[in-house]
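This report refers to the structure that appears directly beneath it.
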Amino acid sequence: MNDGEWQVGLDDAQRTTVEHGADPLVIAAGAGTGKTRVLTARVARLLEAGVAPERVLLLTFTRRAAAAMTERAAAQCGDPSAAGRVWSGTFHAVAHRIVAEHTHHLGLEEFSVLDSDDVIDLLDLMRAGHGLVGTEHRLPTTMTLADIGSRAVNTGVPTREVMAEQFPWALEHADAINALLRAYAARKRERGLLDFDDLLLYWRALLADPEVGARLRARWDWVLVDEYQDVNQIQVDIVRGLRPDGTGLTVVGDDAQAIYGFRGASAGHLFDLARSLPTSTMVRLERNFRSTQEILDLANVARPGELELRLRADRDVGRGRPQLHHCENADDEARGVAEAVLAAQTEGVPLREQAVLMRTGTHSAQLEIELRVRDIPFVKYGGIGYLETAHVRDLLAAFRVATNPADEVAWYRLLTRHRSIGKATARAIAPMLAGGVTDALDTAVAAAPNNARTRLEATLRALADAEQADRVTDVVEACHGAVQPLVRQHYADWSRRVVDVDRLAEAAARQPDLRSFVAEQTIDPASVSADWAKKPYLDEDYLILSTIHSAKGLEWDVVHLLRACDGALPSDMALTSEAGLAEEQRLFYVALTRARDHLHVHVPARLPTHPTSFNARHVLTKPSRFLSPEAVALMTTRYAADARSSGAAPAPRSSSAPRVTVDTMDHLFA
DNA sequence: CAAGTAATTGTTTTT
DNA sequence: CAATTACTTG
């Protein structure tokens, strides 16, 4: 029955893996060994064997990965439309769908999803009530408080232990912090608010229920999980809850590419799974279809982890060794990259097939300017997305109160957009509106200062209309009517922002279910390139700039790695712990293995002390500790040319030089 | 209590 | 340097 497209181009190891039966399967797949292809082919094969697509669940790490895989599966199986009916998405996105289906069982009337900024807002509102304010002692920031809670939840480790290990200086406030976190959990429940962690917790809880869990389990026969080295304890529990004895379970992972430890993930789960399922098989994929052997030699030297996969290149044509570029500073690095990118383009490598990777989003600041000057279009992954900008969030907040009036955080946000309504007033008014705008309108308006009342009344009337409306288009129109004037008066550069707000309203009006639309945008925000970029059109070629995290699973012909210096990669933030450093090493490995033909590693000798400023003092740096002598021996080292073709020589400083008087037009200031 | 001004701090990574 | 925070004033 092997008449499907799925087996085209698979080698023996891959084909065996794809054809493996229902016993639990753990695939240890090194970078570039075709794990996406194997997973996709496995799905295609199942569908072809007559498995109903609805009975297959494919859990991926990003929405992009989910879309790419279902698209490929569709292309490979006889019935392309079937692949579209496979359940696929991130743990969080699928959790959201499941929770939305089971609001009744969960005791939720309506609910909204809080993103990390919303979590900070809510904790900010609440911390004063738990004595976590004042200037007598240094207190943990709200972000730290959120981190402590989230880490505890995601790893199943009590907060006290989390603090002892990660934030020892917060321990003296442990009682207050725990009380705050308990109150935060209670408040979320009361208001139908779910943060990212809650989405997973609620899914896990549904699976643990004897009746609901049994039904959920019976829904899927086949569960495939990608990037299993990056799952945390709750996600493990979900997977085990879905397939208790592992039948029909396939997971793929690589311990050397575990880069989400900061989110509570641990590659140990990959080994635990294999050990705890007696019927499981572990296969290793080590034949690399992506990179040249020269690149893999370097990657193998840099590879950390227990699995000790040694990657062998399948390709016979080498393109030379990876290059190590020593340069003067960040500007020099930017110039070097821009020139190399253009040179490669001239040789026929489109910009789209080239990428620049970095540890943090700010590392490309100088490069972005250089690219703009040279008119090279680019798209940046991992920066602040359009959906995360303040004005867009304002409109999303309006949608949220229209669909869940109890969403206090969204009310708070909308209220503080009004002139003369600050934190304190918003905190007083928000609870009044939680039962619905229509009834509370007059009381709420009366509670605002005089000069804010007219504006507030207009907003609330519009939102009351939204609350009453049935059709999505009407709800959206009313919300838009409420928010647009607020954006106009609240932001100095409102004209630019209004365009986004209008566009989002248009998109929202076309949705069948507004609440789901908003939640999905929150869970998986589409990121749009920085304003700096020359606007890339769909058919236009553009360069990819990406954090290493966002580059996971992707590959390009040419890859540039920026700032291979201690302090940048490894990040100085990570140097406090052994585990932190190990994760940086894995990031380095992930970066190296993205390249197919050419890999360039850049090492500036001096870097600005402050990442976001261009004129900051520069300090000397050391090359990254990951560039071991053994690694460097596998690379071609180059030094940036001394001649700077740009800046012309400065004018001579001699006393005979003519004096030029400049009229600074002071008379205009009289 | 909000808005304006002065002083001070420092930013990983993402669902 | 710029973004957040601390302090003043209306």
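Quick note on naming: the chains in the structure tokens go A, B, ... in the order shown, residues restart at 1 in each chain, and ligands are numbered from 1 in order of appearance.
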(request) Provide as a PyMOL selection string the residues of chain C at most 12 Å from chain A, counting only C-alpha atoms (C1' of nucleotides). (result) chain C and resi 1-6
Selection file, N, CA and C atoms (P, O5', C5', C4', C3', O3' and C1' of nucleotides), as a PDB file, in the first residue's frame:
```
ATOM      1  P    DC C   1      23.941  60.336  24.261  1.00  0.00           P
ATOM      2  O5'  DC C   1      22.575  59.533  24.398  1.00  0.00           O
ATOM      3  C5'  DC C   1      22.328  58.478  23.492  1.00  0.00           C
ATOM      4  C4'  DC C   1      21.245  57.591  24.051  1.00  0.00           C
ATOM      5  C3'  DC C   1      19.972  58.347  24.427  1.00  0.00           C
ATOM      6  O3'  DC C   1      18.876  57.503  24.130  1.00  0.00           O
ATOM      7  C1'  DC C   1      20.739  57.155  26.282  1.00  0.00           C
ATOM      8  P    DA C   2      17.812  57.869  23.117  1.00  0.00           P
ATOM      9  O5'  DA C   2      16.618  57.052  23.788  1.00  0.00           O
ATOM     10  C5'  DA C   2      16.731  55.641  23.947  1.00  0.00           C
ATOM     11  C4'  DA C   2      15.920  55.250  25.155  1.00  0.00           C
ATOM     12  C3'  DA C   2      14.676  56.109  25.386  1.00  0.00           C
ATOM     13  O3'  DA C   2      13.693  55.337  26.044  1.00  0.00           O
ATOM     14  C1'  DA C   2      16.011  56.225  27.248  1.00  0.00           C
ATOM     15  P    DA C   3      12.566  54.645  25.262  1.00  0.00           P
ATOM     16  O5'  DA C   3      12.164  53.518  26.302  1.00  0.00           O
ATOM     17  C5'  DA C   3      13.177  52.774  26.976  1.00  0.00           C
ATOM     18  C4'  DA C   3      12.816  52.626  28.439  1.00  0.00           C
ATOM     19  C3'  DA C   3      11.374  52.966  28.782  1.00  0.00           C
ATOM     20  O3'  DA C   3      10.916  52.047  29.758  1.00  0.00           O
ATOM     21  C1'  DA C   3      12.796  54.275  30.087  1.00  0.00           C
ATOM     22  P    DT C   4       9.363  51.928  30.069  1.00  0.00           P
ATOM     23  O5'  DT C   4       9.363  51.724  31.648  1.00  0.00           O
ATOM     24  C5'  DT C   4      10.354  50.904  32.269  1.00  0.00           C
ATOM     25  C4'  DT C   4      10.849  51.547  33.539  1.00  0.00           C
ATOM     26  C3'  DT C   4       9.748  51.841  34.572  1.00  0.00           C
ATOM     27  O3'  DT C   4      10.005  51.101  35.747  1.00  0.00           O
ATOM     28  C1'  DT C   4      11.265  53.645  34.366  1.00  0.00           C
ATOM     29  P    DT C   5       8.997  51.179  36.976  1.00  0.00           P
ATOM     30  O5'  DT C   5       9.658  52.305  37.862  1.00  0.00           O
ATOM     31  C5'  DT C   5      10.927  52.086  38.493  1.00  0.00           C
ATOM     32  C4'  DT C   5      11.302  53.318  39.292  1.00  0.00           C
ATOM     33  C3'  DT C   5      10.293  53.701  40.383  1.00  0.00           C
ATOM     34  O3'  DT C   5      10.988  53.812  41.613  1.00  0.00           O
ATOM     35  C1'  DT C   5      10.848  55.571  39.040  1.00  0.00           C
ATOM     36  P    DA C   6      10.460  54.497  42.887  1.00  0.00           P
ATOM     37  O5'  DA C   6      11.067  55.962  42.718  1.00  0.00           O
ATOM     38  C5'  DA C   6      12.364  56.274  43.208  1.00  0.00           C
ATOM     39  C4'  DA C   6      12.419  57.749  43.579  1.00  0.00           C
ATOM     40  C3'  DA C   6      11.506  58.161  44.734  1.00  0.00           C
ATOM     41  O3'  DA C   6      12.206  59.098  45.530  1.00  0.00           O
ATOM     42  C1'  DA C   6      10.872  59.343  42.774  1.00  0.00           C
TER      43       DA C   6
END
```
Would you give me, as an mmCIF file with C-alpha atoms, in the first residue's frame, the residues of chain A that come within 7 Å of chain B, using only C-alpha atoms (C1' of nucleotides)?
```
data_model
loop_
_atom_site.group_PDB
_atom_site.id
_atom_site.type_symbol
_atom_site.label_atom_id
_atom_site.label_comp_id
_atom_site.auth_asym_id
_atom_site.auth_seq_id
_atom_site.Cartn_x
_atom_site.Cartn_y
_atom_site.Cartn_z
ATOM 1 C CA HIS A 92 -1.239 26.548 24.342
ATOM 2 C CA PHE A 196 -0.590 31.054 29.648
ATOM 3 C CA THR A 360 18.967 39.024 21.924
ATOM 4 C CA SER A 420 -7.243 62.370 34.307
ATOM 5 C CA GLY A 422 -4.733 57.153 36.552
ATOM 6 C CA ILE A 523 -1.475 33.151 22.447
ATOM 7 C CA HIS A 549 15.243 31.132 19.852
ATOM 8 C CA SER A 571 24.683 36.174 27.706
ATOM 9 C CA MET A 573 22.612 37.240 32.411
#
```
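Running DSSP on the backbone and keeping only alpha helix (DSSP H), the residues of region 350-397 of chain A that qualify are A:Ala365, A:Gln366, A:Leu367, A:Glu368, A:Ile369, A:Glu370, A:Leu371, A:Arg372, A:Val373, A:Ala390, A:His391, A:Val392, A:Arg393, A:Asp394, A:Leu395, A:Leu396, A:Ala397.
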(request) Mind the document's chain letters and residue numbers, and return as a PyMOL selection string the residues of region 213-342 of chain A that DSSP labels strand (DSSP E or B). (result) chain A and resi 222-225+232+249-253+265+281-285+287-288+312-313+323-327
Excluding Ala22 (chain A) and its own-chain neighbours fewer than 6 positions away, which residues fall within 9 Å of it when counting only C-alpha atoms (C1' of nucleotides)? Please give them as an mmCIF file with C-alpha atoms, in the first residue's frame.
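This went into around08.cif:
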```cif
data_model
loop_
_atom_site.group_PDB
_atom_site.id
_atom_site.type_symbol
_atom_site.label_atom_id
_atom_site.label_comp_id
_atom_site.auth_asym_id
_atom_site.auth_seq_id
_atom_site.Cartn_x
_atom_site.Cartn_y
_atom_site.Cartn_z
ATOM 1 C CA TRP A 222 -2.319 9.274 17.501
ATOM 2 C CA GLY A 246 2.153 5.477 25.249
ATOM 3 C CA THR A 247 0.238 3.706 22.510
ATOM 4 C CA GLY A 248 0.059 5.874 19.432
ATOM 5 C CA LEU A 249 2.534 8.344 20.915
ATOM 6 C CA THR A 250 5.454 9.717 18.944
#
```
(message) So that I can check the surroundings of Tyr260 (chain A), please list as a ChimeraX atom specification every protein, DNA and RNA residue that reaches within 12 Å of it, counting only C-alpha atoms (C1' of nucleotides) and ignoring chain neighbours fewer than 6 positions away.
(response) /A:61,151,154,227-232,266-267,548-550,552,579-580,582-584,586-587 /B:12-15
Let me see the file: selected residues, N, CA and C atoms (P, O5', C5', C4', C3', O3' and C1' of nucleotides), as a short mmCIF file (atom, residue, chain, number, x, y, z; two decimals), in the first residue's frame.
```cif
data_model
loop_
_atom_site.label_atom_id
_atom_site.label_comp_id
_atom_site.auth_asym_id
_atom_site.auth_seq_id
_atom_site.Cartn_x
_atom_site.Cartn_y
_atom_site.Cartn_z
N PHE A 61 5.85 23.50 18.36
CA PHE A 61 6.33 24.51 19.28
C PHE A 61 5.85 25.91 18.92
N ARG A 151 7.31 29.79 37.33
CA ARG A 151 8.31 28.72 37.41
C ARG A 151 7.84 27.60 38.31
N ASN A 154 5.11 25.66 36.46
CA ASN A 154 5.57 24.90 35.31
C ASN A 154 6.49 23.74 35.65
N GLU A 227 9.74 18.75 19.22
CA GLU A 227 10.56 19.52 20.16
C GLU A 227 10.30 19.12 21.61
N TYR A 228 10.28 17.82 21.85
CA TYR A 228 9.94 17.34 23.19
C TYR A 228 10.98 17.74 24.23
N GLN A 229 12.19 18.09 23.80
CA GLN A 229 13.19 18.52 24.80
C GLN A 229 12.81 19.85 25.44
N ASP A 230 11.83 20.52 24.89
CA ASP A 230 11.44 21.83 25.41
C ASP A 230 10.10 21.81 26.13
N VAL A 231 9.64 20.65 26.56
CA VAL A 231 8.39 20.60 27.33
C VAL A 231 8.67 20.72 28.82
N ASN A 232 7.69 21.24 29.55
CA ASN A 232 7.82 21.31 31.00
C ASN A 232 6.92 20.27 31.65
N SER A 266 12.69 21.00 30.53
CA SER A 266 13.89 20.23 30.80
C SER A 266 14.00 19.08 29.81
N ALA A 267 15.19 18.93 29.24
CA ALA A 267 15.41 17.86 28.27
C ALA A 267 15.34 16.49 28.94
N ILE A 548 18.10 33.61 18.14
CA ILE A 548 18.37 32.18 17.97
C ILE A 548 17.12 31.39 18.37
N HIS A 549 16.45 31.83 19.42
CA HIS A 549 15.24 31.13 19.85
C HIS A 549 14.21 31.04 18.73
N SER A 550 14.00 32.16 18.06
CA SER A 550 12.98 32.16 17.00
C SER A 550 13.43 31.44 15.75
N LYS A 552 14.72 28.48 15.72
CA LYS A 552 14.66 27.04 15.95
C LYS A 552 13.86 26.35 14.86
N ALA A 579 23.64 25.77 35.02
CA ALA A 579 22.56 25.40 34.11
C ALA A 579 22.36 26.49 33.05
N GLY A 580 22.49 27.74 33.50
CA GLY A 580 22.33 28.85 32.57
C GLY A 580 23.38 28.81 31.48
N ALA A 582 25.04 26.19 30.46
CA ALA A 582 24.81 25.03 29.60
C ALA A 582 23.75 25.36 28.54
N GLU A 583 22.75 26.12 28.93
CA GLU A 583 21.70 26.47 27.97
C GLU A 583 22.25 27.39 26.88
N GLU A 584 23.18 28.27 27.27
CA GLU A 584 23.80 29.15 26.28
C GLU A 584 24.59 28.33 25.26
N ARG A 586 23.91 25.37 24.30
CA ARG A 586 22.96 24.76 23.38
C ARG A 586 22.45 25.77 22.36
N LEU A 587 22.29 27.02 22.82
CA LEU A 587 21.88 28.07 21.88
C LEU A 587 22.93 28.24 20.78
P DT B 12 17.16 40.94 30.91
"O5'" DT B 12 17.04 41.13 29.38
"C5'" DT B 12 16.66 39.93 28.85
"C4'" DT B 12 17.33 39.82 27.61
"C3'" DT B 12 16.28 39.23 26.79
"O3'" DT B 12 16.45 39.62 25.51
"C1'" DT B 12 17.91 37.63 27.52
P DT B 13 15.22 39.52 24.66
"O5'" DT B 13 15.10 37.93 24.59
"C5'" DT B 13 15.54 37.23 23.45
"C4'" DT B 13 15.37 35.76 23.68
"C3'" DT B 13 13.92 35.33 23.75
"O3'" DT B 13 13.52 34.95 22.47
"C1'" DT B 13 15.29 34.23 25.39
P DT B 14 12.24 35.62 21.88
"O5'" DT B 14 11.13 34.57 22.36
"C5'" DT B 14 11.21 33.22 22.03
"C4'" DT B 14 9.95 32.55 22.53
"C3'" DT B 14 8.66 33.24 22.08
"O3'" DT B 14 7.68 32.24 21.84
"C1'" DT B 14 8.76 33.23 24.43
P DT B 15 6.47 32.55 20.92
"O5'" DT B 15 5.38 31.57 21.56
"C5'" DT B 15 5.61 30.17 21.57
"C4'" DT B 15 4.68 29.55 22.61
"C3'" DT B 15 3.21 29.95 22.46
"O3'" DT B 15 2.42 28.77 22.47
"C1'" DT B 15 3.98 30.36 24.67
#
```
